[in-house]
Structure formats: structure tokens, C-alpha cells
There are 2 protein chains.
Amino acid sequence: MTDAGGAIGVFDSGVGGLTVLRALRSVLPQERFVYLGDTARLPYGTKSAASVVRYSLQCADALVARGIRCLVVACNTASASALGALRLRYPGIPVIGVIEPGAAAAVSASRTRHIAVIGTEGTIGGGAYQAAIQRLDARVRVTAQACSLFVAVAEEGWVEGAIVEAIARRYLEPIFSGGSRGAAGGVPDTLVLGCTHFPVLAATLRAVLPGHVTLVDSAATVAAAVTRELPAAAKPPPGRGSVTWLATDGAARFARVSGIFLGESLRPEDIEVVDL
Amino acid sequence: MTDAGGAIGVFDSGVGGLTVLRALRSVLPQERFVYLGDTARLPYGTKSAASVVRYSLQCADALVARGIRCLVVACNTASASALGALRLRYPGIPVIGVIEPGAAAAVSASRTRHIAVIGTEGTIGGGAYQAAIQRLDARVRVTAQACSLFVAVAEEGWVEGAIVEAIARRYLEPIFSGGSRGAAGGVPDTLVLGCTHFPVLAATLRAVLPGHVTLVDSAATVAAAVTRELPAAAKPPPGRGSVTWLATDGAARFARVSGIFLGESLRPEDIEVVDL
């Protein structure tokens with residue numbers, strides 16, 4: 001086991017959370033990170049809330065056992081279902097999910113007070129973004145759309161081109177065509193990417209969306225939230241940061257797909273396979 | 001627990017195996033079936049072989065505990081990895097996978113001795129179809145292609161239309177355009193649908209394939225194999241057949257998506273959620 005005392009722990013159901021890790025490393029380049037992808041049980045998006053809570057506690061236990069000082073839940077489905085249970089189990093460690101930062105950024109960005117949110121079936125069906133946004137501003141209307149195929153095209157690496165554009169149009173045109181006017185009278189002016197896979201599709205989404213729509217990238221917003229909440233205790237010594245890579249299954253596939261989401265390619269031997 | 005003594009047990013990682021169950025019911029309408037979808041751990045297609053073997057043994061144990069007299073592995077990934085382990089654990093029960101019947105049907109159908117196989121990453125990467133076909137006829141050339149997106153579009157219910165046709169062209173045109181000539185000189189004349197999700201895409205695949213290509217549907221070929229191997233012992237009394245529905249998670253989603261693959265809609269309360 002690698003010594004990860006004082007590191008920032010990040011877990012996801014698989015590789016999508018690498019977009020969050022990438023954003024974290026760019027704002028906190030000296031930190032040590034431990035990334036755990038629960039690839040044996042992905043995707044969380046179609047699982048029940050009870051299963052997602054159980055898996056999330058197991059992921060957190062494995063990271064806490066390595067001495068992390070901050071826990072980032074880089075999975076929207078887990079953030080939607082398990083944040084309360086995680087904070088209850090680990091009251092001494094800041095636990096930061098991806099939903100609240102994204103909701104806050106969206107409310108700040110929207111002028112029409114009509115926000116669109118896209119995510120997996122589990123995230124959208126659970127209504128966590130809708131609730132988080134309306135807790136911040138009850139006057140905001142939220143239009144939510146599950147975009148299940150976006151995960152598959154992103155993992156296939158088909159992040160641009162005619163096919164992903166056609167899929168994006170099919171999901172998004174009904175929302176942004178003007179047929180979805182909010183109480184405030186406008187179509188949505190803000191789109192929350194409520195799944196960590198989706199930032200790699202941002203260029204395609206911009207190509208099919210009206211020009212005035214602001215994209216809120218949950219990877220970037222969570223990195224900003226971690227920077228604010230990170231405890232100064234056990235701060236890493238100055239120097240280069242590092243990442244310890246853990247996965248619960250399939251190191252070869254994790255390494256291969258990582259390039260799409262992380263922007264750099266891992267080798268299978270860089271990844272330690274752990275059994276939760 | 002429903003009494004399922006003498007029934008035919010069928011398991012899959014999720015809902016795709018319902019295409020196999022549908023084919024089984026059409027040729028064996030008086031039989032009782034127990035269908036188990038391991039929805040808590042789907043998809044198997046991206047998991048390691050060791051995990052798939054472990055999950056498959058757990059599924060089989062649950063079905064054998066209900067007194068089944070025949071076990072159908074209605075999942076290509078599990079058939080590729082776990083058939084040997086299952087036959088070793090249950091020597092008294094016929095264990096029928098989906099790969100061998102599909103391979104045999106393809107070898108019978110092909111005149112050019114060049115067969116194409118499509119499936120999930122796990123099935124194709126494992127090479128089980130390629131091996132099964134070449135065990136039957138070593139002169140056959142096999143061209144294999146993972147088509148990961150087909151599972152996602154099928155589960156989304158996008159089984160026809162421009163998007164799924166574009167995806168199918170992207171995967172299949174390189175194989176059937178003439179750039180993939182076999183040792184025997186011809187392009188493939190036979191396409192094995194090596195994933196139980198794919199039969200619902202058959203009409204779209206026919207639309208994009210050259211007219212002379214024979215589709216081999218693993219659901220239909222496994223139903224024929226079960227009819228041959230089914231032990232006469234504990235034969236059901238004449239009358240209407242039945243199905244007991246089991247899933248390891250998410251009865252609501254299972255019921256909703258079942259309509260696409262089964263051709264009839266289940267209600268969530270029809271499905272018993274079991275913990276393996």
C-alpha cells in the first residue's frame with residue numbers, strides 16, 4: 001500500500017471522475033491525490049440509491065484507511081445519494097460532492113432563472129440537482145434531462161463528429177428550442193453538465209446549443225469548492241504533487257479509457273487493483 | 001420464494017437476456033422459467049473475467065437453490081468466461097451458453113468462410129466466438145468488432161432511426177465494405193449478433209448491411225440448443241408456462257426497460273429483488 005497520509009481522496013464509479021481529478025490537479029498542483037475508480041461496480045447511474053450508498057461507504061472506507069484529509073465524491077450519482085451518509089461516518093473530514101458546487105455556479109450564472117441540467121438516469125431521476133438549485137433560489141425553474149448515451153459515446157472516445165452531435169441534438173433541442181419556456185418566460189440560459197463524463201463533450205454541446213447558453217462544468221466547480229474547504233492541517237510539503245491510482249477491476253481498460261478523461265494516458269501497471 | 005422446482009433457469013447481467021427468454025418461451029411455451037437479471041452488477045461486458053466468473057457462480061447458486069433442471073447462461077460475457085466453472089460446479093444440470101450455438105449456426109450459414117462477430121468489449125476482447133468458430137472449422141476467418149454503443153442505444157429504446165443507423169454504419173462499414181477480405185477472398189457473408197441486446201437492432205442492421213449477409217441471432221440459436229438438451233426428467237405438466245422474475249437491483253428500471261427486449265411490459269411488483 002502506498003503511503004497517502006494527508007492526501008486528497010477522490011472516488012468515482014469509474015473513469016468519469018478523472019475530469020474532476022484533472023481540474024483538481026490544475027488548481028492544486030502540489031497536492032497528493034488518491035483516486036479510486038469503482039470499476040467493478042460501474043455504472044452507479046442505473047443502480048438503486050441503497051446500493052449506491054453502500055458502495056460509496058466502502059470506497060470512502062478504503063480511502064480513509066490511507067489517511068486522506070479531504071474526500072471528494074467525484075460522481076454525481078454518489079453525491080446525490082450518499083453525501084449525508086458519508087458526512088455522518090466521517091465527521092472529521094471535509095466531504096465534498098459535485099452537486100452543490102454545480103448548483104451554486106448555475107444559480108450565479110443564470111439571468112433568465114431557467115436552468116437546464118443533464119445527467120445519468122439515476123442523477124436526474126433522483127432530483128438532487130433540481131432540489132439543490134431550488135434550495136439556493138426557489139424562483140428558479142429547472143428543466144432536467146437524462147442523457148444516458150453521452151456516457152457511452154464519451155467512453156468510446158466519440159467526443160466530436162456527426163454521431164455525437166446528432167445524439168446531443170436529440171436530447172437538447174426540445175429543451176432549448178423555445179418549447180420549454182420557464183415561469184420567468186425564457187428558455188434556459190444555463191446548462192449544468194451533471195455527470196463527470198460530460199465535460200469531454202463540451203465542444204460538441206457548445207456547437208449544438210444557442211450561443212448565449214452558459215455551460216457549468218461540475219469538474220471545474222468542485223475544484224474551486226475543494227480549494228475553499230481544504231483543511232490546512234497536514235498540508236503537503238512544497239514540491240510536485242502525485243496521484244496514487246486505485247481501481248476495483250480491469251486495470252487495462254481503466255488505463256486505456258483514462259486518456260479520454262484525464263488528458264494523459266496511464267499504463268495498466270500504474271493502477272493498483274483493490275478489493276473492497 | 002416462488003416454487004420453481006423443475007423450471008429452466010436463465011440468468012443475464014441485466015435485461016439483454018430477455019431476448020433469449022423470449023425466444024425460449026416461443027419454442028417451449030409450456031415450460032416454467034426463472035429469470036435472474038444481475039442488475040446490481042451490470043454490465044458484465046467491461047468487467048474482468050475473474051469477476052464475471054464469481055458473479056456467474058452466485059447467479060447459478062441462486063437459481064439452483066430454486067430447483068431448476070437446466071441452466072441457460074443468457075449473457076455472452078458470462079458464457080465466454082464462466083461456462084467451464086459452472087459445468088464443474090453443477091455436473092448434474094445441463095448448462096447452456098449462448099456462444100457455442102451461435103458459433104455453430106454461423107459456421108453452417110457461411111459459404112465464403114468469412115464470418116463477422118459483434119459484441120461487447122469483454123466478449124470480443126476475450127476471443128470466445130473466434131475460438132468457438134475456429135474449433136468447428138479452422139479454415140474460417142473471423143472478423144470481430146466490439147460495438148459498445150449498441151447496448152446503450154438498445155437500452156435507450158433508440159432501436160431504429162438515423163442515429164442508430166449512423167452508429168451501425170460506423171462500426172460495420174469497415175468490415176463489409178470489401179476492405180476486409182478473408183483468406184478465402186470474400187468479405188464476410190454472415191454476422192453473429194454476439195450480445196443479447198443486439199437482436200432488437202436487427203432491422204437497423206439489415207438496413208445498413210449488404211443484402212446477402214445472414215444475421216445469426218444468438219437468442220434464437222440458444223433456444224434451439226435448449227430444446228435439444230433439455231432433460232425429460234421433471235418435465236412440467238401440460239398447461240401454460242410461467243416466468244418467475246428476479247433481479248438484484250432496481251425493479252422499476254428493469255420493468256421499464258423490459259418492454260424493449262421482452263416484447264411485453266412488466267410491472268415493478270412482478271419482480272422480486274434478491275441479494276446474492
# chains A, B, ... in the order shown; residues from 1 in each chain; ligands from 1
$ residues_around --residues "A:Val216" --least-positions-apart "4" --cutoff "8 Å" --atoms "only C-alpha atoms" --output "PDB file with N, CA and C atoms, in the first residue's frame"
ATOM      1  N   GLY A 102     -21.931  22.719  -8.378  1.00  0.00           N
ATOM      2  CA  GLY A 102     -22.510  22.928  -9.703  1.00  0.00           C
ATOM      3  C   GLY A 102     -23.808  23.718  -9.625  1.00  0.00           C
ATOM      4  N   ALA A 105     -22.971  27.394  -8.916  1.00  0.00           N
ATOM      5  CA  ALA A 105     -22.439  28.074 -10.103  1.00  0.00           C
ATOM      6  C   ALA A 105     -23.550  28.364 -11.106  1.00  0.00           C
ATOM      7  N   ALA A 106     -24.485  27.436 -11.228  1.00  0.00           N
ATOM      8  CA  ALA A 106     -25.579  27.624 -12.184  1.00  0.00           C
ATOM      9  C   ALA A 106     -26.495  28.769 -11.752  1.00  0.00           C
ATOM     10  N   THR A 190     -28.638  28.449 -19.090  1.00  0.00           N
ATOM     11  CA  THR A 190     -27.522  27.810 -18.388  1.00  0.00           C
ATOM     12  C   THR A 190     -27.749  26.299 -18.455  1.00  0.00           C
ATOM     13  N   LEU A 191     -26.662  25.578 -18.750  1.00  0.00           N
ATOM     14  CA  LEU A 191     -26.763  24.116 -18.810  1.00  0.00           C
ATOM     15  C   LEU A 191     -25.724  23.524 -17.869  1.00  0.00           C
ATOM     16  N   VAL A 192     -26.198  22.769 -16.867  1.00  0.00           N
ATOM     17  CA  VAL A 192     -25.292  22.113 -15.928  1.00  0.00           C
ATOM     18  C   VAL A 192     -24.935  20.736 -16.464  1.00  0.00           C
ATOM     19  N   LEU A 193     -23.641  20.475 -16.616  1.00  0.00           N
ATOM     20  CA  LEU A 193     -23.171  19.150 -17.009  1.00  0.00           C
ATOM     21  C   LEU A 193     -23.133  18.298 -15.751  1.00  0.00           C
ATOM     22  N   THR A 221     -16.193  23.379 -11.041  1.00  0.00           N
ATOM     23  CA  THR A 221     -16.806  23.974  -9.853  1.00  0.00           C
ATOM     24  C   THR A 221     -16.417  23.212  -8.583  1.00  0.00           C
TER      25      THR A 221
END
$ residues_around --residues "A:Ala104" --least-positions-apart "4" --cutoff "9 Å" --atoms "only C-alpha atoms" --output "list in words"
Ile99, Glu100, Ser108, Ala109, Ala132, Ile133, Leu136 and Thr221 of chain A
$ select_by_dssp --residues "stretch 181-261 of chain B" --states "alpha helix (DSSP H)" --output "number ranges by chain"
B: 202-208, 218-229, 251-261
$ write_last_selection --atoms "N, CA and C atoms" --output "mmCIF file, in the first residue's frame"
data_model
loop_
_atom_site.group_PDB
_atom_site.id
_atom_site.type_symbol
_atom_site.label_atom_id
_atom_site.label_comp_id
_atom_site.auth_asym_id
_atom_site.auth_seq_id
_atom_site.Cartn_x
_atom_site.Cartn_y
_atom_site.Cartn_z
ATOM 1 N N ALA B 202 -31.931 -5.678 -35.007
ATOM 2 C CA ALA B 202 -31.756 -6.470 -36.235
ATOM 3 C C ALA B 202 -32.255 -5.730 -37.469
ATOM 4 N N ALA B 203 -33.396 -5.054 -37.382
ATOM 5 C CA ALA B 203 -33.944 -4.383 -38.570
ATOM 6 C C ALA B 203 -32.986 -3.283 -39.047
ATOM 7 N N THR B 204 -32.425 -2.538 -38.105
ATOM 8 C CA THR B 204 -31.463 -1.486 -38.465
ATOM 9 C C THR B 204 -30.194 -2.088 -39.069
ATOM 10 N N LEU B 205 -29.716 -3.176 -38.494
ATOM 11 C CA LEU B 205 -28.507 -3.808 -39.018
ATOM 12 C C LEU B 205 -28.742 -4.300 -40.447
ATOM 13 N N ARG B 206 -29.904 -4.902 -40.685
ATOM 14 C CA ARG B 206 -30.220 -5.352 -42.051
ATOM 15 C C ARG B 206 -30.234 -4.181 -43.025
ATOM 16 N N ALA B 207 -30.709 -3.032 -42.543
ATOM 17 C CA ALA B 207 -30.811 -1.861 -43.426
ATOM 18 C C ALA B 207 -29.437 -1.343 -43.851
ATOM 19 N N VAL B 208 -28.427 -1.512 -43.005
ATOM 20 C CA VAL B 208 -27.110 -0.976 -43.359
ATOM 21 C C VAL B 208 -26.170 -2.038 -43.933
ATOM 22 N N SER B 218 -28.223 -14.851 -31.547
ATOM 23 C CA SER B 218 -27.873 -15.822 -30.505
ATOM 24 C C SER B 218 -29.091 -16.218 -29.673
ATOM 25 N N ALA B 219 -30.100 -15.373 -29.603
ATOM 26 C CA ALA B 219 -31.295 -15.731 -28.838
ATOM 27 C C ALA B 219 -31.989 -16.932 -29.481
ATOM 28 N N ALA B 220 -32.161 -16.894 -30.797
ATOM 29 C CA ALA B 220 -32.845 -17.989 -31.491
ATOM 30 C C ALA B 220 -32.024 -19.270 -31.456
ATOM 31 N N THR B 221 -30.693 -19.147 -31.613
ATOM 32 C CA THR B 221 -29.876 -20.363 -31.668
ATOM 33 C C THR B 221 -29.772 -21.039 -30.301
ATOM 34 N N VAL B 222 -29.771 -20.257 -29.208
ATOM 35 C CA VAL B 222 -29.703 -20.892 -27.893
ATOM 36 C C VAL B 222 -31.028 -21.572 -27.567
ATOM 37 N N ALA B 223 -32.132 -21.028 -28.017
ATOM 38 C CA ALA B 223 -33.424 -21.668 -27.761
ATOM 39 C C ALA B 223 -33.470 -23.042 -28.426
ATOM 40 N N ALA B 224 -32.939 -23.143 -29.630
ATOM 41 C CA ALA B 224 -32.894 -24.441 -30.308
ATOM 42 C C ALA B 224 -31.996 -25.414 -29.546
ATOM 43 N N ALA B 225 -30.871 -24.926 -29.018
ATOM 44 C CA ALA B 225 -29.953 -25.794 -28.264
ATOM 45 C C ALA B 225 -30.600 -26.296 -26.979
ATOM 46 N N VAL B 226 -31.347 -25.441 -26.286
ATOM 47 C CA VAL B 226 -32.008 -25.851 -25.047
ATOM 48 C C VAL B 226 -33.030 -26.936 -25.347
ATOM 49 N N THR B 227 -33.789 -26.774 -26.421
ATOM 50 C CA THR B 227 -34.790 -27.777 -26.796
ATOM 51 C C THR B 227 -34.139 -29.142 -26.990
ATOM 52 N N ARG B 228 -32.943 -29.161 -27.589
ATOM 53 C CA ARG B 228 -32.244 -30.428 -27.791
ATOM 54 C C ARG B 228 -31.751 -31.041 -26.489
ATOM 55 N N GLU B 229 -31.247 -30.205 -25.579
ATOM 56 C CA GLU B 229 -30.535 -30.729 -24.402
ATOM 57 C C GLU B 229 -31.392 -30.875 -23.153
ATOM 58 N N ALA B 251 -35.897 -2.781 -9.493
ATOM 59 C CA ALA B 251 -37.052 -3.399 -10.150
ATOM 60 C C ALA B 251 -37.768 -2.412 -11.069
ATOM 61 N N ALA B 252 -37.799 -1.141 -10.712
ATOM 62 C CA ALA B 252 -38.532 -0.158 -11.526
ATOM 63 C C ALA B 252 -37.895 -0.021 -12.903
ATOM 64 N N ARG B 253 -36.557 0.117 -12.929
ATOM 65 C CA ARG B 253 -35.894 0.241 -14.222
ATOM 66 C C ARG B 253 -35.994 -1.057 -15.019
ATOM 67 N N PHE B 254 -35.824 -2.177 -14.336
ATOM 68 C CA PHE B 254 -35.924 -3.481 -15.004
ATOM 69 C C PHE B 254 -37.276 -3.594 -15.707
ATOM 70 N N ALA B 255 -38.339 -3.229 -14.987
ATOM 71 C CA ALA B 255 -39.688 -3.335 -15.552
ATOM 72 C C ALA B 255 -39.831 -2.415 -16.760
ATOM 73 N N ARG B 256 -39.324 -1.192 -16.636
ATOM 74 C CA ARG B 256 -39.496 -0.221 -17.712
ATOM 75 C C ARG B 256 -38.755 -0.646 -18.977
ATOM 76 N N VAL B 257 -37.493 -1.068 -18.810
ATOM 77 C CA VAL B 257 -36.668 -1.401 -19.968
ATOM 78 C C VAL B 257 -37.055 -2.762 -20.553
ATOM 79 N N SER B 258 -37.689 -3.612 -19.751
ATOM 80 C CA SER B 258 -38.015 -4.967 -20.203
ATOM 81 C C SER B 258 -38.848 -4.966 -21.484
ATOM 82 N N GLY B 259 -39.708 -3.982 -21.629
ATOM 83 C CA GLY B 259 -40.576 -3.946 -22.808
ATOM 84 C C GLY B 259 -39.795 -3.980 -24.109
ATOM 85 N N ILE B 260 -38.634 -3.320 -24.138
ATOM 86 C CA ILE B 260 -37.829 -3.260 -25.359
ATOM 87 C C ILE B 260 -37.342 -4.652 -25.761
ATOM 88 N N PHE B 261 -36.927 -5.439 -24.760
ATOM 89 C CA PHE B 261 -36.253 -6.702 -25.054
ATOM 90 C C PHE B 261 -37.189 -7.917 -24.997
#
$ interface_residues --of "chain A" --to "chain B" --cutoff "7 Å" --atoms "only C-alpha atoms" --output "list in words"
Ala40, Arg41, Lys47, Ser48, Leu149, Ala152, Val153, Ile163, Ala166, Ile167, Asp249 and Gly250 of chain A
$ residues_around --residues "stretch 68-76 of chain A" --least-positions-apart "2" --cutoff "7 Å" --atoms "only C-alpha atoms" --output "ChimeraX atom specification"
/A:4-13,17,20,63-64,66,78-80,93-99,123,194-196,230
$ residues_around --residues "A:Ile271" --least-positions-apart "3" --cutoff "7 Å" --atoms "only C-alpha atoms" --output "list of chain:residue names"
A:Trp245, A:Leu246, A:Ala247, A:Ala251, A:Pro268
$ write_last_selection --atoms "C-alpha atoms" --output "mmCIF file, in the first residue's frame"
data_model
loop_
_atom_site.group_PDB
_atom_site.id
_atom_site.type_symbol
_atom_site.label_atom_id
_atom_site.label_comp_id
_atom_site.auth_asym_id
_atom_site.auth_seq_id
_atom_site.Cartn_x
_atom_site.Cartn_y
_atom_site.Cartn_z
ATOM 1 C CA TRP A 245 -4.309 5.165 -8.792
ATOM 2 C CA LEU A 246 -6.714 2.543 -7.458
ATOM 3 C CA ALA A 247 -9.430 0.609 -9.278
ATOM 4 C CA ALA A 251 -6.729 -2.011 -14.833
ATOM 5 C CA PRO A 268 -2.075 -0.712 -16.556
#
$ select_by_dssp --residues "stretch 63-261 of chain A" --states "strand (DSSP E or B)" --output "PyMOL selection string"
chain A and resi 70-73+95-97+114-119+141-146+190-193+214-217+242-247
$ write_last_selection --atoms "C-alpha atoms" --output "mmCIF file, in the first residue's frame"
data_model
loop_
_atom_site.group_PDB
_atom_site.id
_atom_site.type_symbol
_atom_site.label_atom_id
_atom_site.label_comp_id
_atom_site.auth_asym_id
_atom_site.auth_seq_id
_atom_site.Cartn_x
_atom_site.Cartn_y
_atom_site.Cartn_z
ATOM 1 C CA CYS A 70 -10.315 15.517 2.445
ATOM 2 C CA LEU A 71 -12.790 13.365 0.490
ATOM 3 C CA VAL A 72 -14.109 14.348 -2.944
ATOM 4 C CA VAL A 73 -17.113 12.425 -4.237
ATOM 5 C CA VAL A 95 -16.657 15.616 2.263
ATOM 6 C CA ILE A 96 -17.265 17.499 -0.973
ATOM 7 C CA GLY A 97 -19.690 16.329 -3.622
ATOM 8 C CA HIS A 114 -34.350 28.892 -16.019
ATOM 9 C CA ILE A 115 -31.583 26.306 -15.717
ATOM 10 C CA ALA A 116 -31.249 23.033 -17.616
ATOM 11 C CA VAL A 117 -29.498 20.036 -16.035
ATOM 12 C CA ILE A 118 -28.333 16.899 -17.844
ATOM 13 C CA GLY A 119 -27.004 13.728 -16.231
ATOM 14 C CA ARG A 141 -37.161 26.790 -12.852
ATOM 15 C CA VAL A 142 -35.131 23.655 -13.595
ATOM 16 C CA THR A 143 -35.552 21.530 -16.713
ATOM 17 C CA ALA A 144 -33.840 18.180 -16.282
ATOM 18 C CA GLN A 145 -32.972 15.609 -18.940
ATOM 19 C CA ALA A 146 -31.304 12.198 -18.578
ATOM 20 C CA THR A 190 -27.522 27.810 -18.388
ATOM 21 C CA LEU A 191 -26.763 24.116 -18.810
ATOM 22 C CA VAL A 192 -25.292 22.113 -15.928
ATOM 23 C CA LEU A 193 -23.171 19.150 -17.009
ATOM 24 C CA THR A 214 -23.522 29.117 -20.264
ATOM 25 C CA LEU A 215 -22.120 25.641 -19.634
ATOM 26 C CA VAL A 216 -21.494 24.802 -15.976
ATOM 27 C CA ASP A 217 -18.816 22.127 -15.726
ATOM 28 C CA SER A 242 1.359 12.955 -7.184
ATOM 29 C CA VAL A 243 -1.531 10.583 -7.757
ATOM 30 C CA THR A 244 -1.995 7.058 -6.428
ATOM 31 C CA TRP A 245 -4.309 5.165 -8.792
ATOM 32 C CA LEU A 246 -6.714 2.543 -7.458
ATOM 33 C CA ALA A 247 -9.430 0.609 -9.278
#
$ closest_residue --among "A:Ala168, A:Gly67, A:Val107, A:Pro29" --to "A:Gly92" --atoms "only C-alpha atoms"
A:Gly67
$ atom_distance --atom1 "atom CA of A:Pro188" --atom2 "atom CA of A:Val159"
23.6 Å
$ atom_distance --atom1 "atom CA of B:Glu264" --atom2 "atom CA of B:Leu24"
14.6 Å
